[in-house]
Structures are given as structure tokens and as C-alpha cells.
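Undergrad: Starting off with a structure, shown below.
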Amino acid sequence: MTKKIIDVIIIGAGASGLMCAIEAAKRGRSVLIVDHANKAGKKILMSGGGRCNFTNYTVEAENYLSENAHFCKSALSRFTQWDFLAMVQAREIPYHEREHGQLFCNETARDILNMLLDECHKAKVKIQLQTTIKSIKKEAEQFALQTETETLSCSSLVVATGGLSIPKMGASPFGYKIAEQFGIAVTPTKAGLVPFTWPEQEKQKFSQLSGIALPVSLHYQQHSFTENLLFTHRGISGPAVLQLSSYWQEGERIEIDLLPSVDLNQALRQAQTDKIKLKLSNYLGQILPKKLLPLLVSEDILGLFVLDLSYKQIALVTENIQQWQFTPNGTEGYRTAEATVGGVDCHAVSSKTLESNKVQGLYFVGEVLDVTGWLGGYNFQWAWASGWCAGQCV
């Protein structure tokens, strides 16, 4: 069985692994990326509806979840959104801004992947796909990786294996198993940036709303997001839901304000003062989907004229629409999740170098770590930043 000796081996040919490889190879290190997939950068290609939301104009530590809240600050400050944008601009990749500072390719996500692969080629990075790692051992200063056909040896090993989201794209817990093998803690994982599902009773009641979208405010504990909500056959989705899902704990209740820009109580009282001669159903039908109304407000109240509503009835209608309490049955899970919450414990890793505090030469970058960004390009920015920082040190 053959043996190869390389300076740096990176497990994972995704966003963080490619970025780390580029930077390490620029420093003159021999670099090999290994991946069990048949293509590099599969998640890059499918992201953003095929247009890759590659970063965001505004990136702060507050846009990330982690049990070590300060961990991401160092990498994000050393390789910023402007640094990645400079790469995109130098390549003359056309891009555009969407709401909330999100940046997307004009044409295709392949533009980003091709940029990274070309940089790897220029820096003489080798990429070995369809490679299964059978075992990893540390022998003195070297790591020995056993594949089906050869032994790979390196002094720096970078784990860039990603999380558990979208298993059909090849996601696996391999990176967490490597951490645990070397005595490094892994915080509990769950699906993040993922739709909620209805309890059975609500599913029968609300499935008729499938396809309807509207702006809402979602609240859970101290977290709040005001964006679109989309009703689906299985539950609720849309940006507001995906954002909140990363924070939500199973069995907990969320609150939905279906009219975030309106004080409905005040508006109804003003309508009475103005002697608006409309039934409540017609009044509310001007500002909310008509199909939704009888599911939240009783038919007998909807049939009343606004002028005839008591203050108690106005308060009840307002509560049902602006403080709708909902306990999700769960989420769609990793099958549709855009991120994994949890991962390799950031207290066990240097925030500056991304190296394990206890195992010299072992690095973790990207989504395998317990760092989860909001929807909007934040997870890619974490991949670029963490990969870049590790690439300066491996």
C-alpha cells in the first residue's frame, strides 16, 4: 500500500476547506484536499437558489449563534466580507444586493466555485475526490490517514467536513467523530434555518393556506425577526421562520404578529370613530389574506360590523392576530435545513488559529464548529473567514 507525505491535509472540499487550502498553499505548503463526494463545492452550487448568497454587506458577531459567543469575532475581523468581495470583484463576477445586504451572483453559483477551484489550481492544491477515510491516527508529530488504497501522512490536519444539513448532498457526522476521537467535546446538534411543522390538528386546519406569504414578526424568548412567512402543506417557512428556528427549542411556544406594521387595536377603534361601515371580515380582508381570517377569529365576530364591536371583542381580535401563540410540532429536520446548530466546542479551539487547544496540528473550520450564522450569507462568510485564518497557520 502506497504512502504519501503532505504538509497539510484538509478533509472536505467545501467553502471553508477550499479557502483554507488556497491560503496554506500560497505560503508554500503542500496541500491535499480529500472528500468522499464526487464533486467539490456541491453546497456552494445549490446555495441561494443556484446563485450563491456568498456574503453580506453587514457582518457582526450578533449574526451568529454559538455557546462561545465571542469565538467568531477574531476570524470575522481578520478576513471580512470586504476581503471576499475583493476576490469576487477581481474575478469580475457580476453580483447584486438583495434585501438586508445579502449579496448574490447575477448568473450562477458556479462563478464562485470556479473562482475557488482556479485559485486552488494556481496554488498547486491537489483535490482527491471519492476518497473514504477509514481511520486517523496521530503518531508523534504526524497524522496518518488510512484510505482504501493508501496511507496519507501530514503534520497539519484540517477538518472542514461541514455539518449534518442536507444529507443527500453528502453531509455526515464524520467531523464530530474526529473531534471525539481526539477527546474534543461536541455540543449537541440540531437542524437550523429550517421550516417548522404543524401539529396534526393545526395541519388539517391550516394546510388550505399553503402558498400564501405575508410579512410578520416572529418572537421567541428575546429573539425577534420581521420578515416574510410562507404557509406550506406541512407547516410554516419563509425567512422569518428560518431565522427563528435556529434559536427555537423543542416543545416551546412562539408568538406571531401577522400585522407587524399596524396597531390593530388602535386601528379598529379609529375605524369606529370614523364610522367605517364595514363588517369586520371585509375590514380585515383589506389587510390580511381572507382565507386566514376564519382560522383565527370566530365567524360570529367576523360577521359583526366594526361599529358594533365591543372593546373586549376588539382586544380579542387583536390578540388572535397580533399575538398568535403557536407551538410547532417540530422542524423539517436536516433534510431541508440550511445549517447545523451546534458542533465542535469552540472553547476547545483557538479563535485566532482554529487549532485544537489540546491536539497540536489539528484544526477545525467552517460549519463543523459550533458557529451558526443567520440566513443571508453569514454562514458562507464564516466559512471564508475561518478557512482563511487557519490557512495562515497550518
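Starting from 1 in every chain, residues are counted up; chains themselves are A, B, ... following the order of the C-alpha cells, and ligands are numbered from 1 as listed.
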So which residues touch stretch 340-345 of chain A within 8 Å, counting only C-alpha atoms, skipping near sequence neighbours fewer than 4 positions away, as a CSV table (one decimal) with N, CA, C and O atoms, in the first residue's frame?
TA:
chain,number,residue,atom,x,y,z
A,65,LEU,N,-24.8,32.3,16.1
A,65,LEU,CA,-25.1,31.5,17.4
A,65,LEU,C,-23.9,30.6,17.7
A,65,LEU,O,-23.4,30.0,16.8
A,66,SER,N,-23.6,30.6,19.0
A,66,SER,CA,-22.5,29.7,19.5
A,66,SER,C,-22.6,29.7,21.0
A,66,SER,O,-22.9,30.7,21.6
A,67,GLU,N,-22.2,28.6,21.6
A,67,GLU,CA,-22.1,28.6,23.0
A,67,GLU,C,-20.9,29.4,23.5
A,67,GLU,O,-20.8,29.8,24.7
A,163,GLY,N,-21.6,20.3,8.5
A,163,GLY,CA,-22.5,19.8,9.5
A,163,GLY,C,-23.4,18.7,9.0
A,163,GLY,O,-22.9,18.0,8.1
A,164,LEU,N,-24.6,18.6,9.5
A,164,LEU,CA,-25.5,17.5,9.2
A,164,LEU,C,-26.6,17.9,8.2
A,164,LEU,O,-27.4,17.0,7.8
A,165,SER,N,-26.6,19.2,7.8
A,165,SER,CA,-27.7,19.6,7.0
A,165,SER,C,-27.6,19.1,5.6
A,165,SER,O,-26.6,19.0,5.0
A,176,TYR,N,-17.4,15.4,13.6
A,176,TYR,CA,-17.7,15.3,15.0
A,176,TYR,C,-17.0,14.1,15.6
A,176,TYR,O,-16.5,14.1,16.7
A,179,ALA,N,-13.4,14.8,16.1
A,179,ALA,CA,-13.2,15.6,17.3
A,179,ALA,C,-13.3,14.7,18.6
A,179,ALA,O,-12.4,14.7,19.5
A,184,ILE,N,-12.1,15.9,22.0
A,184,ILE,CA,-12.6,17.2,21.9
A,184,ILE,C,-14.1,17.2,22.0
A,184,ILE,O,-14.8,16.4,21.2
A,185,ALA,N,-14.7,18.0,22.8
A,185,ALA,CA,-16.2,18.0,23.0
A,185,ALA,C,-16.9,18.5,21.8
A,185,ALA,O,-16.4,19.3,21.1
A,186,VAL,N,-18.1,17.9,21.6
A,186,VAL,CA,-19.0,18.4,20.6
A,186,VAL,C,-20.3,18.8,21.2
A,186,VAL,O,-20.9,18.0,22.0
A,187,THR,N,-20.7,20.0,21.0
A,187,THR,CA,-22.0,20.5,21.6
A,187,THR,C,-23.2,19.9,20.9
A,187,THR,O,-23.0,19.6,19.7
A,188,PRO,N,-24.3,19.6,21.5
A,188,PRO,CA,-25.4,19.0,20.9
A,188,PRO,C,-25.8,19.7,19.6
A,188,PRO,O,-25.8,20.9,19.5
A,189,THR,N,-26.2,18.9,18.6
A,189,THR,CA,-26.5,19.5,17.3
A,189,THR,C,-28.0,19.4,17.0
A,189,THR,O,-28.7,18.5,17.5
A,190,LYS,N,-28.5,20.3,16.1
A,190,LYS,CA,-29.9,20.2,15.7
A,190,LYS,C,-30.0,21.0,14.3
A,190,LYS,O,-29.0,21.8,14.0
A,191,ALA,N,-31.0,20.8,13.6
A,191,ALA,CA,-31.3,21.5,12.4
A,191,ALA,C,-31.5,23.0,12.6
A,191,ALA,O,-32.3,23.3,13.5
A,192,GLY,N,-30.9,23.8,11.8
A,192,GLY,CA,-31.1,25.3,11.9
A,192,GLY,C,-31.5,25.8,10.5
A,192,GLY,O,-31.3,25.2,9.5
A,246,SER,N,-33.4,28.5,14.3
A,246,SER,CA,-32.1,28.2,14.9
A,246,SER,C,-32.0,28.4,16.4
A,246,SER,O,-31.2,27.8,17.1
A,334,TYR,N,-32.9,17.9,9.3
A,334,TYR,CA,-31.7,18.1,8.4
A,334,TYR,C,-32.0,18.0,6.9
A,334,TYR,O,-31.3,18.6,6.1
A,349,VAL,N,-11.0,25.2,20.9
A,349,VAL,CA,-10.3,25.6,19.7
A,349,VAL,C,-9.8,27.1,19.8
A,349,VAL,O,-10.5,27.9,20.4
A,364,PHE,N,-10.0,22.9,13.0
A,364,PHE,CA,-11.4,22.8,12.6
A,364,PHE,C,-11.9,24.1,12.0
A,364,PHE,O,-11.7,25.2,12.6
A,367,GLU,N,-18.5,25.0,9.1
A,367,GLU,CA,-19.8,24.6,9.8
A,367,GLU,C,-19.6,23.5,10.8
A,367,GLU,O,-20.4,23.3,11.7
A,368,VAL,N,-18.5,22.7,10.8
A,368,VAL,CA,-18.3,21.7,11.7
A,368,VAL,C,-18.1,22.2,13.1
A,368,VAL,O,-18.4,21.5,14.1
A,369,LEU,N,-17.7,23.5,13.2
A,369,LEU,CA,-17.6,24.1,14.5
A,369,LEU,C,-19.0,24.6,15.0
A,369,LEU,O,-20.0,24.8,14.2
A,370,ASP,N,-19.1,24.9,16.3
A,370,ASP,CA,-20.4,25.4,16.9
A,370,ASP,C,-20.5,26.9,16.6
A,370,ASP,O,-20.4,27.7,17.5
A,371,VAL,N,-20.6,27.2,15.4
A,371,VAL,CA,-20.9,28.6,14.9
A,371,VAL,C,-21.9,28.5,13.8
A,371,VAL,O,-21.7,27.9,12.8
A,372,THR,N,-23.0,29.1,14.0
A,372,THR,CA,-24.1,29.1,13.0
A,372,THR,C,-24.6,30.5,12.7
A,372,THR,O,-25.0,31.2,13.6
Undergrad: Need the shell around A:Ile6: protein/DNA/RNA residues with any atom at most 7 Å away, counting only C-alpha atoms. Skip same-chain ones fewer than 5 positions apart. Format as a list in words?
TA: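 In the requested form, the answer reads Ser30, Val31, Ser153 and Cys154 of chain A.
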Undergrad: Write the residues of the selection above to a file with N, CA, C and O atoms, as an mmCIF file, in the first residue's frame.
TA:
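Now in selection.cif:
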data_model
loop_
_atom_site.group_PDB
_atom_site.id
_atom_site.type_symbol
_atom_site.label_atom_id
_atom_site.label_comp_id
_atom_site.auth_asym_id
_atom_site.auth_seq_id
_atom_site.Cartn_x
_atom_site.Cartn_y
_atom_site.Cartn_z
ATOM 1 N N SER A 30 2.620 22.160 0.900
ATOM 2 C CA SER A 30 1.969 21.189 0.009
ATOM 3 C C SER A 30 0.622 20.833 0.628
ATOM 4 O O SER A 30 0.532 20.544 1.820
ATOM 5 N N VAL A 31 -0.443 20.913 -0.178
ATOM 6 C CA VAL A 31 -1.809 20.782 0.342
ATOM 7 C C VAL A 31 -2.600 19.765 -0.464
ATOM 8 O O VAL A 31 -2.607 19.817 -1.707
ATOM 9 N N SER A 153 -0.022 10.951 5.022
ATOM 10 C CA SER A 153 0.619 11.463 6.238
ATOM 11 C C SER A 153 0.794 12.977 6.135
ATOM 12 O O SER A 153 1.142 13.503 5.081
ATOM 13 N N CYS A 154 0.516 13.671 7.252
ATOM 14 C CA CYS A 154 0.651 15.136 7.258
ATOM 15 C C CYS A 154 0.977 15.624 8.664
ATOM 16 O O CYS A 154 0.725 14.940 9.659
#
Undergrad: Can you tell me, as an MDAnalysis selection string, what residues are no more than 10 Å from stretch 214-218 of chain A when counting only C-alpha atoms, ignoring any on the same chain fewer than 5 positions away?
TA: chainID A and resid 223:231 238:241 243:244 254:261 288:289 322:324
Undergrad: Tell me which of A:Ala15, A:Ala90, A:Leu302, A:Val125 sits closest to A:Arg29, counting only C-alpha atoms.
TA: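 Ranking A:Ala15, A:Ala90, A:Leu302, A:Val125 by distance to A:Arg29, first place goes to A:Val125.
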Undergrad: Could you find all residues in stretch 189-258 of chain A that DSSP calls strand (DSSP E) from the backbone, and write them as a PyMOL selection string?
TA: chain A and resi 189-192+196-197+213-220+223-231+235-237+254-257
Undergrad: Output N, CA and C atoms of each residue in that selection to a file, as a PDB file, in the first residue's frame.
TA:
ATOM      1  N   THR A 189     -26.166  18.918  18.573  1.00  0.00           N
ATOM      2  CA  THR A 189     -26.513  19.499  17.264  1.00  0.00           C
ATOM      3  C   THR A 189     -28.011  19.380  16.985  1.00  0.00           C
ATOM      4  N   LYS A 190     -28.493  20.300  16.149  1.00  0.00           N
ATOM      5  CA  LYS A 190     -29.880  20.249  15.672  1.00  0.00           C
ATOM      6  C   LYS A 190     -29.952  20.995  14.344  1.00  0.00           C
ATOM      7  N   ALA A 191     -31.048  20.789  13.639  1.00  0.00           N
ATOM      8  CA  ALA A 191     -31.254  21.475  12.361  1.00  0.00           C
ATOM      9  C   ALA A 191     -31.499  22.965  12.606  1.00  0.00           C
ATOM     10  N   GLY A 192     -30.858  23.815  11.819  1.00  0.00           N
ATOM     11  CA  GLY A 192     -31.054  25.268  11.897  1.00  0.00           C
ATOM     12  C   GLY A 192     -31.459  25.826  10.548  1.00  0.00           C
ATOM     13  N   PHE A 196     -40.742  25.133  10.250  1.00  0.00           N
ATOM     14  CA  PHE A 196     -41.476  24.484  11.334  1.00  0.00           C
ATOM     15  C   PHE A 196     -42.578  23.614  10.734  1.00  0.00           C
ATOM     16  N   THR A 197     -42.955  22.558  11.466  1.00  0.00           N
ATOM     17  CA  THR A 197     -44.070  21.716  11.041  1.00  0.00           C
ATOM     18  C   THR A 197     -45.256  21.891  11.985  1.00  0.00           C
ATOM     19  N   ALA A 213     -48.087  33.899   1.412  1.00  0.00           N
ATOM     20  CA  ALA A 213     -46.952  34.522   2.112  1.00  0.00           C
ATOM     21  C   ALA A 213     -47.354  35.916   2.568  1.00  0.00           C
ATOM     22  N   LEU A 214     -46.840  36.333   3.714  1.00  0.00           N
ATOM     23  CA  LEU A 214     -47.111  37.689   4.201  1.00  0.00           C
ATOM     24  C   LEU A 214     -46.025  38.102   5.190  1.00  0.00           C
ATOM     25  N   PRO A 215     -45.781  39.430   5.326  1.00  0.00           N
ATOM     26  CA  PRO A 215     -44.793  39.888   6.292  1.00  0.00           C
ATOM     27  C   PRO A 215     -45.316  39.737   7.717  1.00  0.00           C
ATOM     28  N   VAL A 216     -44.474  39.226   8.611  1.00  0.00           N
ATOM     29  CA  VAL A 216     -44.866  39.021  10.014  1.00  0.00           C
ATOM     30  C   VAL A 216     -43.692  39.383  10.925  1.00  0.00           C
ATOM     31  N   SER A 217     -43.980  39.440  12.216  1.00  0.00           N
ATOM     32  CA  SER A 217     -42.928  39.452  13.233  1.00  0.00           C
ATOM     33  C   SER A 217     -43.055  38.175  14.038  1.00  0.00           C
ATOM     34  N   LEU A 218     -41.968  37.427  14.129  1.00  0.00           N
ATOM     35  CA  LEU A 218     -41.938  36.207  14.932  1.00  0.00           C
ATOM     36  C   LEU A 218     -41.129  36.471  16.195  1.00  0.00           C
ATOM     37  N   HIS A 219     -41.640  35.994  17.320  1.00  0.00           N
ATOM     38  CA  HIS A 219     -40.981  36.225  18.612  1.00  0.00           C
ATOM     39  C   HIS A 219     -40.790  34.903  19.348  1.00  0.00           C
ATOM     40  N   TYR A 220     -39.600  34.725  19.900  1.00  0.00           N
ATOM     41  CA  TYR A 220     -39.313  33.574  20.760  1.00  0.00           C
ATOM     42  C   TYR A 220     -38.279  34.022  21.784  1.00  0.00           C
ATOM     43  N   HIS A 223     -35.672  36.782  21.156  1.00  0.00           N
ATOM     44  CA  HIS A 223     -35.352  36.858  19.733  1.00  0.00           C
ATOM     45  C   HIS A 223     -36.587  37.241  18.922  1.00  0.00           C
ATOM     46  N   SER A 224     -36.373  38.101  17.939  1.00  0.00           N
ATOM     47  CA  SER A 224     -37.482  38.582  17.122  1.00  0.00           C
ATOM     48  C   SER A 224     -36.998  38.832  15.701  1.00  0.00           C
ATOM     49  N   PHE A 225     -37.781  38.373  14.710  1.00  0.00           N
ATOM     50  CA  PHE A 225     -37.448  38.598  13.303  1.00  0.00           C
ATOM     51  C   PHE A 225     -38.687  39.065  12.557  1.00  0.00           C
ATOM     52  N   THR A 226     -38.545  40.155  11.801  1.00  0.00           N
ATOM     53  CA  THR A 226     -39.653  40.684  10.994  1.00  0.00           C
ATOM     54  C   THR A 226     -39.295  40.521   9.527  1.00  0.00           C
ATOM     55  N   GLU A 227     -39.873  39.491   8.924  1.00  0.00           N
ATOM     56  CA  GLU A 227     -39.668  39.194   7.506  1.00  0.00           C
ATOM     57  C   GLU A 227     -40.874  38.406   7.021  1.00  0.00           C
ATOM     58  N   ASN A 228     -40.780  37.861   5.829  1.00  0.00           N
ATOM     59  CA  ASN A 228     -41.903  37.096   5.281  1.00  0.00           C
ATOM     60  C   ASN A 228     -42.059  35.727   5.941  1.00  0.00           C
ATOM     61  N   LEU A 229     -43.324  35.309   6.052  1.00  0.00           N
ATOM     62  CA  LEU A 229     -43.683  33.959   6.468  1.00  0.00           C
ATOM     63  C   LEU A 229     -44.426  33.314   5.306  1.00  0.00           C
ATOM     64  N   LEU A 230     -44.145  32.045   5.057  1.00  0.00           N
ATOM     65  CA  LEU A 230     -44.809  31.298   3.989  1.00  0.00           C
ATOM     66  C   LEU A 230     -45.528  30.098   4.589  1.00  0.00           C
ATOM     67  N   PHE A 231     -46.820  29.993   4.323  1.00  0.00           N
ATOM     68  CA  PHE A 231     -47.572  28.818   4.743  1.00  0.00           C
ATOM     69  C   PHE A 231     -47.293  27.673   3.766  1.00  0.00           C
ATOM     70  N   GLY A 235     -46.341  23.039   7.283  1.00  0.00           N
ATOM     71  CA  GLY A 235     -46.134  23.969   8.389  1.00  0.00           C
ATOM     72  C   GLY A 235     -45.922  25.389   7.899  1.00  0.00           C
ATOM     73  N   ILE A 236     -44.932  26.076   8.477  1.00  0.00           N
ATOM     74  CA  ILE A 236     -44.625  27.437   8.060  1.00  0.00           C
ATOM     75  C   ILE A 236     -43.134  27.555   7.745  1.00  0.00           C
ATOM     76  N   SER A 237     -42.853  28.359   6.731  1.00  0.00           N
ATOM     77  CA  SER A 237     -41.481  28.557   6.288  1.00  0.00           C
ATOM     78  C   SER A 237     -41.297  30.043   5.997  1.00  0.00           C
ATOM     79  N   ILE A 254     -43.977  29.781  20.174  1.00  0.00           N
ATOM     80  CA  ILE A 254     -43.555  31.031  19.532  1.00  0.00           C
ATOM     81  C   ILE A 254     -44.784  31.937  19.383  1.00  0.00           C
ATOM     82  N   GLU A 255     -44.513  33.211  19.175  1.00  0.00           N
ATOM     83  CA  GLU A 255     -45.614  34.173  19.010  1.00  0.00           C
ATOM     84  C   GLU A 255     -45.477  34.833  17.639  1.00  0.00           C
ATOM     85  N   ILE A 256     -46.620  34.953  16.946  1.00  0.00           N
ATOM     86  CA  ILE A 256     -46.625  35.525  15.596  1.00  0.00           C
ATOM     87  C   ILE A 256     -47.508  36.767  15.571  1.00  0.00           C
ATOM     88  N   ASP A 257     -46.928  37.868  15.096  1.00  0.00           N
ATOM     89  CA  ASP A 257     -47.686  39.097  14.848  1.00  0.00           C
ATOM     90  C   ASP A 257     -47.901  39.183  13.342  1.00  0.00           C
TER      91      ASP A 257
END
Undergrad: Distance atom CA of A:Gly376-atom CA of A:Cys120, one decimal place?
TA: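 Taking atom CA of A:Gly376 as the start and atom CA of A:Cys120 as the end point, the length is 26.0 Å.
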Undergrad: Please provide the set of residues having any atom within 12 Å of A:Arg51, restricted to only C-alpha atoms, with same-chain residues fewer than 5 positions apart removed, written as a ChimeraX atom specification.
TA: /A:43-46,93-98,102-113,377
Undergrad: Please produce, as a tab-separated table, a per-residue contact table for stretch 6-25 of chain A versus stretch 131-152 of chain A (criterion: any atom at most 10 Å away, only C-alpha atoms considered), showing the nearest atom pair and its distance in Å to one decimal, sorted by chain then residue number.
TA:
residue	atom	partner	partner_atom	distance
A:Ile6	CA	A:Leu152	CA	7.4
A:Asp7	CA	A:Gln142	CA	9.4
A:Val8	CA	A:Phe143	CA	9.8
A:Ile9	CA	A:Leu152	CA	8.3
A:Ile11	CA	A:Ile133	CA	9.1
Undergrad: Considering only C-alpha atoms, return as a list in words whatever protein or nucleic-acid residues lie within 12 Å of A:Ser356, sequence-local ones (same chain, fewer than 4 positions apart) excluded.
TA: Ser156, Leu157, Val158, Val159, Ile178, Ala179, Glu180, Phe182, Gly183, Ile184, Ala185, Val344, Asp345, Cys346, His347, Ala348, Val349, Ser350, Ser351, Lys352, Gln360, Gly361, Leu362, Tyr363, Phe364, Val365, Leu369, Ala390 and Val394 of chain A
Undergrad: How many Å separate atom CA of A:Arg91 from atom CA of A:Tyr64?
TA: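 Atom-to-atom, atom CA of A:Arg91 and atom CA of A:Tyr64 are spaced 28.4 Å apart.
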Undergrad: Please determine, counting only C-alpha atoms, which residue among A:Gly48, A:Asp300, A:Phe79, A:Asp263 has the shortest atom-to-atom distance to A:Ile321.
TA: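 Of the candidates, the smallest distance to A:Ile321 is held by A:Asp263.
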Undergrad: Write out as an MDAnalysis selection string the set of residues from stretch 23-243 of chain A that DSSP, computed on the backbone, places in helix (DSSP H, G or I).
TA: chainID A and resid 23:26 42:50 61:63 72:78 81:90 99:101 110:122 167:169 174:181 200:209 239:243
Undergrad: Ranking A:Asn53, A:Ser245, A:Asn68, A:Ser386 by minimum distance to A:Ala339 and counting only C-alpha atoms, which one comes first?
TA: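 Among A:Asn53, A:Ser245, A:Asn68, A:Ser386, it is A:Ser245 that comes nearest to A:Ala339.
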Undergrad: Distance atom CA of A:Val317-atom CA of A:Val297, one decimal place?
TA: 6.4 Å
